[in-house]
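This is model.cif. It holds mmCIF, C-alpha atoms.
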```cif
data_my_file
#
loop_
_atom_site.label_atom_id
_atom_site.label_comp_id
_atom_site.auth_asym_id
_atom_site.auth_seq_id
_atom_site.Cartn_x
_atom_site.Cartn_y
_atom_site.Cartn_z
CA MET S 12 49.93 -69.90 9.04
CA THR S 13 49.92 -70.74 5.34
CA ALA S 14 52.33 -69.43 2.73
CA THR S 15 49.58 -67.44 1.00
CA ALA S 16 48.78 -65.53 4.20
CA ASP S 17 52.38 -64.33 4.56
CA PRO S 18 52.49 -60.71 3.25
CA ALA S 19 56.14 -61.06 2.25
CA ARG S 20 55.31 -63.93 -0.13
CA ARG S 21 52.36 -62.37 -1.98
CA THR S 22 52.78 -61.57 -5.63
CA LEU S 23 51.35 -58.47 -7.15
CA PRO S 24 48.85 -58.81 -9.97
CA PRO S 25 50.13 -57.81 -13.42
CA LEU S 26 49.65 -54.23 -14.55
CA GLY S 27 46.73 -53.55 -16.81
CA PRO S 28 47.16 -52.20 -20.32
CA THR S 29 48.37 -48.63 -20.69
CA ARG S 30 45.47 -46.47 -21.77
CA LYS S 31 45.93 -43.45 -23.99
CA LEU S 32 45.64 -40.23 -22.02
CA LYS S 33 42.89 -38.00 -23.35
CA LEU S 34 43.85 -34.37 -22.91
CA PRO S 35 41.08 -31.78 -22.55
CA LYS S 36 40.63 -29.23 -25.32
CA GLN S 37 42.43 -25.96 -24.83
CA ALA S 38 42.79 -22.61 -26.52
CA GLU S 39 45.54 -20.01 -26.14
CA ARG S 40 45.46 -16.39 -27.17
CA THR S 41 47.70 -13.41 -26.46
CA LEU S 42 45.72 -10.19 -26.11
CA ALA S 43 46.82 -6.80 -27.42
CA ASN S 44 47.97 -5.78 -23.91
CA GLY S 45 50.36 -8.77 -23.74
CA LEU S 46 48.22 -10.94 -21.47
CA THR S 47 48.29 -14.58 -22.54
CA VAL S 48 45.02 -16.37 -21.86
CA ILE S 49 44.89 -20.16 -21.83
CA ALA S 50 41.50 -21.81 -21.48
CA VAL S 51 41.09 -25.53 -20.85
CA ARG S 52 37.60 -27.02 -21.09
CA ARG S 53 36.31 -30.05 -19.19
CA PRO S 54 32.56 -30.04 -19.75
CA ALA S 55 31.89 -32.78 -17.20
CA VAL S 56 33.00 -30.50 -14.34
CA PRO S 57 30.65 -27.56 -13.52
CA LEU S 58 33.48 -25.61 -11.87
CA VAL S 59 35.88 -23.00 -13.11
CA GLU S 60 39.41 -22.28 -11.96
CA LEU S 61 41.36 -19.20 -12.85
CA ARG S 62 44.99 -18.34 -12.32
CA LEU S 63 46.72 -15.09 -13.09
CA TRP S 64 50.50 -14.93 -12.79
CA VAL S 65 52.11 -11.51 -12.84
CA PRO S 66 55.92 -11.37 -13.14
CA PHE S 67 57.09 -10.00 -9.83
CA GLY S 68 60.81 -10.64 -9.56
CA ARG S 69 63.25 -8.30 -7.82
CA THR S 70 60.54 -6.93 -5.55
CA HIS S 71 61.32 -6.30 -1.90
CA LEU S 72 60.30 -9.53 -0.17
CA ALA S 73 58.29 -7.96 2.66
CA ARG S 74 56.43 -5.62 0.32
CA GLY S 75 55.54 -8.49 -2.01
CA ALA S 76 54.33 -10.63 0.87
CA MET S 77 52.20 -7.80 2.22
CA LEU S 78 50.79 -7.03 -1.22
CA ALA S 79 49.64 -10.65 -1.54
CA GLN S 80 48.14 -10.51 1.98
CA THR S 81 46.16 -7.34 1.31
CA VAL S 82 45.38 -7.10 -2.41
CA LEU S 83 41.84 -8.35 -1.71
CA SER S 84 41.31 -5.92 1.18
CA GLY S 85 39.08 -3.56 -0.75
CA THR S 86 38.71 -1.47 -3.86
CA GLU S 87 37.28 1.90 -4.76
CA THR S 88 33.85 0.27 -5.12
CA HIS S 89 33.92 -2.72 -2.72
CA THR S 90 35.13 -3.41 0.81
CA ALA S 91 36.85 -6.73 1.54
CA THR S 92 33.61 -7.96 3.10
CA GLN S 93 31.61 -6.98 0.02
CA ILE S 94 34.12 -8.74 -2.27
CA ALA S 95 33.83 -11.91 -0.18
CA ALA S 96 30.02 -11.68 -0.14
CA GLU S 97 29.81 -11.19 -3.90
CA LEU S 98 32.10 -14.15 -4.48
CA GLN S 99 30.01 -16.28 -2.11
CA LYS S 100 26.86 -15.41 -4.05
CA VAL S 101 28.33 -17.05 -7.16
CA GLY S 102 29.95 -19.96 -5.33
CA GLY S 103 33.45 -18.63 -5.84
CA GLY S 104 36.52 -17.36 -4.10
CA LEU S 105 39.75 -15.51 -4.86
CA ALA S 106 43.18 -15.76 -3.24
CA ALA S 107 46.60 -14.19 -3.72
CA GLY S 108 50.12 -15.43 -3.14
CA VAL S 109 53.64 -14.48 -4.03
CA ASP S 110 56.91 -16.26 -4.69
CA PRO S 111 60.32 -14.95 -5.82
CA ASP S 112 59.15 -14.88 -9.46
CA ARG S 113 55.51 -13.86 -9.53
CA LEU S 114 52.35 -12.60 -7.88
CA MET S 115 49.63 -15.23 -8.24
CA LEU S 116 45.93 -14.50 -8.13
CA SER S 117 43.75 -17.58 -8.25
CA GLY S 118 40.12 -18.39 -7.91
CA ALA S 119 37.60 -21.17 -8.17
CA GLY S 120 33.85 -21.33 -8.31
CA LEU S 121 30.78 -22.43 -10.21
CA VAL S 122 30.86 -21.97 -13.98
CA SER S 123 27.70 -19.88 -13.75
CA GLY S 124 29.59 -17.33 -11.64
CA LEU S 125 32.63 -16.88 -13.91
CA ASP S 126 31.51 -13.50 -15.28
CA ARG S 127 31.06 -12.06 -11.78
CA MET S 128 34.36 -13.53 -10.57
CA LEU S 129 36.17 -11.91 -13.50
CA GLU S 130 34.44 -8.57 -12.81
CA LEU S 131 35.57 -8.67 -9.18
CA LEU S 132 39.09 -9.70 -10.17
CA ALA S 133 39.24 -6.80 -12.62
CA ASP S 134 38.03 -4.45 -9.88
CA VAL S 135 40.81 -5.68 -7.57
CA LEU S 136 43.47 -5.40 -10.26
CA THR S 137 42.50 -1.89 -11.28
CA GLY S 138 41.22 -0.37 -8.03
CA ALA S 139 42.76 -1.98 -4.93
CA THR S 140 42.94 0.63 -2.15
CA TYR S 141 44.91 -1.07 0.66
CA PRO S 142 43.01 0.49 3.60
CA GLY S 143 45.35 1.40 6.46
CA ASP S 144 43.49 -0.49 9.19
CA TRP S 145 43.32 -3.65 7.07
CA VAL S 146 46.99 -3.42 6.17
CA GLN S 147 47.91 -2.98 9.84
CA THR S 148 45.89 -6.06 10.86
CA GLU S 149 47.37 -8.21 8.09
CA ARG S 150 50.86 -6.90 8.82
CA ASP S 151 50.51 -7.96 12.47
CA ARG S 152 49.22 -11.40 11.41
CA LEU S 153 52.08 -11.91 8.97
CA VAL S 154 54.66 -10.87 11.56
CA ASP S 155 53.13 -13.32 14.02
CA ARG S 156 53.20 -16.18 11.48
CA ILE S 157 56.82 -15.43 10.60
CA GLN S 158 57.84 -15.40 14.25
CA VAL S 159 56.08 -18.71 14.86
CA ALA S 160 57.73 -20.20 11.76
CA GLN S 161 61.15 -19.01 12.91
CA SER S 162 60.75 -21.11 16.05
CA GLN S 163 60.04 -24.30 14.08
CA PRO S 164 62.89 -26.71 13.25
CA ALA S 165 61.46 -27.48 9.79
CA HIS S 166 61.48 -23.78 8.85
CA LEU S 167 65.00 -23.31 10.17
CA ALA S 168 66.22 -26.33 8.22
CA ARG S 169 64.56 -25.09 5.01
CA THR S 170 66.07 -21.63 5.49
CA ALA S 171 69.55 -23.12 5.91
CA LEU S 172 69.06 -25.39 2.89
CA LEU S 173 67.91 -22.52 0.65
CA LYS S 174 70.93 -20.43 1.65
CA ARG S 175 73.21 -23.37 0.97
CA ILE S 176 71.68 -24.08 -2.45
CA TYR S 177 71.16 -20.53 -3.72
CA ALA S 178 73.80 -18.49 -1.83
CA ARG S 179 73.14 -14.83 -2.81
CA HIS S 180 70.40 -15.51 -5.36
CA PRO S 181 66.92 -14.13 -4.48
CA TYR S 182 65.64 -17.72 -4.08
CA ALA S 183 67.88 -18.08 -1.02
CA VAL S 184 65.50 -16.06 1.17
CA GLN S 185 61.78 -16.71 0.84
CA THR S 186 60.55 -15.39 4.19
CA PRO S 187 60.94 -11.71 5.09
CA GLU S 188 62.18 -10.64 8.49
CA PRO S 189 59.50 -9.39 10.92
CA ASP S 190 61.06 -5.90 11.08
CA GLN S 191 60.92 -5.63 7.28
CA VAL S 192 57.21 -6.49 7.33
CA ARG S 193 56.52 -4.02 10.17
CA ALA S 194 57.92 -1.22 7.97
CA VAL S 195 55.40 -1.78 5.12
CA ARG S 196 52.58 0.77 4.97
CA SER S 197 49.57 1.32 2.68
CA PRO S 198 51.15 4.01 0.45
CA VAL S 199 54.05 1.67 -0.37
CA LEU S 200 51.60 -1.07 -1.35
CA ARG S 201 49.57 1.30 -3.54
CA ARG S 202 52.76 2.35 -5.41
CA LEU S 203 53.84 -1.28 -5.82
CA HIS S 204 50.39 -2.25 -7.07
CA ALA S 205 50.43 0.59 -9.61
#
```

Just give me the structure of the file as structure tokens.
Amino acid sequence: MTATADPARRTLPPLGPTRKLKLPKQAERTLANGLTVIAVRRPAVPLVELRLWVPFGRTHLARGAMLAQTVLSGTETHTATQIAAELQKVGGGLAAGVDPDRLMLSGAGLVSGLDRMLELLADVLTGATYPGDWVQTERDRLVDRIQVAQSQPAHLARTALLKRIYARHPYAVQTPEPDQVRAVRSPVLRRLHA
């Protein structure tokens, strides 16, 4: 075996020159209702991403988790299936999530479908209905996922670490208890949404 074949003796090539990072153009505007809109344009990519963050602190953890699970479950004008079908027609999708600070609604799709995606998002934000049967199904799924997570060493270690780091701060607990989730019903979610 020669010295050049020994991986421990190889030298790395020198780094190339540092190139200047070209940032995409962006625009920011705060609307009269307080919503701040930031748009970033990359014309070479025919896709659009949208993210809406709604401050959501000090909300009961189980209610917030259930709201994120069910906000796309239907509106006054569309069922969950119709929302999904309309988004598919324009090559898009929407999702919701929650953390201790905010409710996050996000979406991605083809640029040509942005108008329709925004219409559907507006419909969800202004007319979500939280149908009882859908809420019950999602509640059962969330309880099941929490119970499975509570049996996993990684989840238990993270839970202990968060309690150690944050003590009594809301960040200390990021997963609701199954019994708290079981208590959440549609009327509670409608009030929280409002």

*Would you mind telling me which residue in S:Val56, S:Val192, S:Ala160, S:Leu26 lies nearest to Leu121 (chain S) when using only C-alpha atoms?*
S:Val56

_Best match for closeness to Arg113 (chain S) among S:Gln163, S:Leu34, S:Arg156, S:Leu78, counting all atoms listed in the file_ =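 Using all atoms listed in the file, Arg113 (chain S) sits closest to S:Leu78.
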
*asked:* When the PyMOL selection byres ((chain S and resi 201) around 9) is applied to the structure above, which residues does it catch, written out as a PyMOL selection string?
replied: chain S and resi 78+139-141+197-200+202-205

*Long-range neighbours of Glu149 (chain S) as a ChimeraX atom specification, 12 Å cut-off, only C-alpha atoms, 5 positions minimum in chain*: /S:76-84,141-144,154-156,192-193,195-197

*CA of Gln185 (chain S) to CA of Ala165 (chain S): how many Å, to one decimal?*
14.0 Å

Find the axis-aligned box for region 60-73 of chain S, covering all its listed atoms and adding 4 Å on each side, and write its centre and edge lengths in Å to one decimal as JSON.
```
{"center_x": 51.3, "center_y": -14.3, "center_z": -5.2, "size_x": 31.8, "size_y": 24.0, "size_z": 23.8}
```

*Of the residues S:Trp145, S:Gly75, S:Gly104, S:Glu60, which is the one nearest to Thr90 (chain S), using all atoms listed in the file?*
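Under the stated criterion, the closest residue is S:Trp145.
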
*So how far away is CA of Gly102 (chain S) from CA of Pro54 (chain S), in Å?*
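Between CA of Pro54 (chain S) and CA of Gly102 (chain S) the gap works out to 17.8 Å.
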
_Given all atoms listed in the file as the basis, pick out the residue of S:Val59, S:Val65, S:Val184, S:Ala91 nearest to Gly103 (chain S)._
S:Val59

*Residue nearest Val101 (chain S) among S:Tyr177, S:Leu72, S:Met115, S:Leu58 (counting all atoms listed in the file)*: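 Looking at the shortest contact to Val101 (chain S), the residue is S:Leu58.
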
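Checking S:Val109, S:Val51, S:Leu116, S:Leu125 one by one against Ala73 (chain S), counting all atoms listed in the file, you find the shortest gap at S:Val109.
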
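The gap separating CA of Lys100 (chain S) from CA of Gly120 (chain S) is 10.1 Å, in Å to one decimal.
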
*asked:* On this structure, the PyMOL selection byres ((chain S and resi 170) around 12) would catch which residues? List them as a PyMOL selection string, sorted by chain and number.
replied: chain S and resi 160-169+171-178+182-187
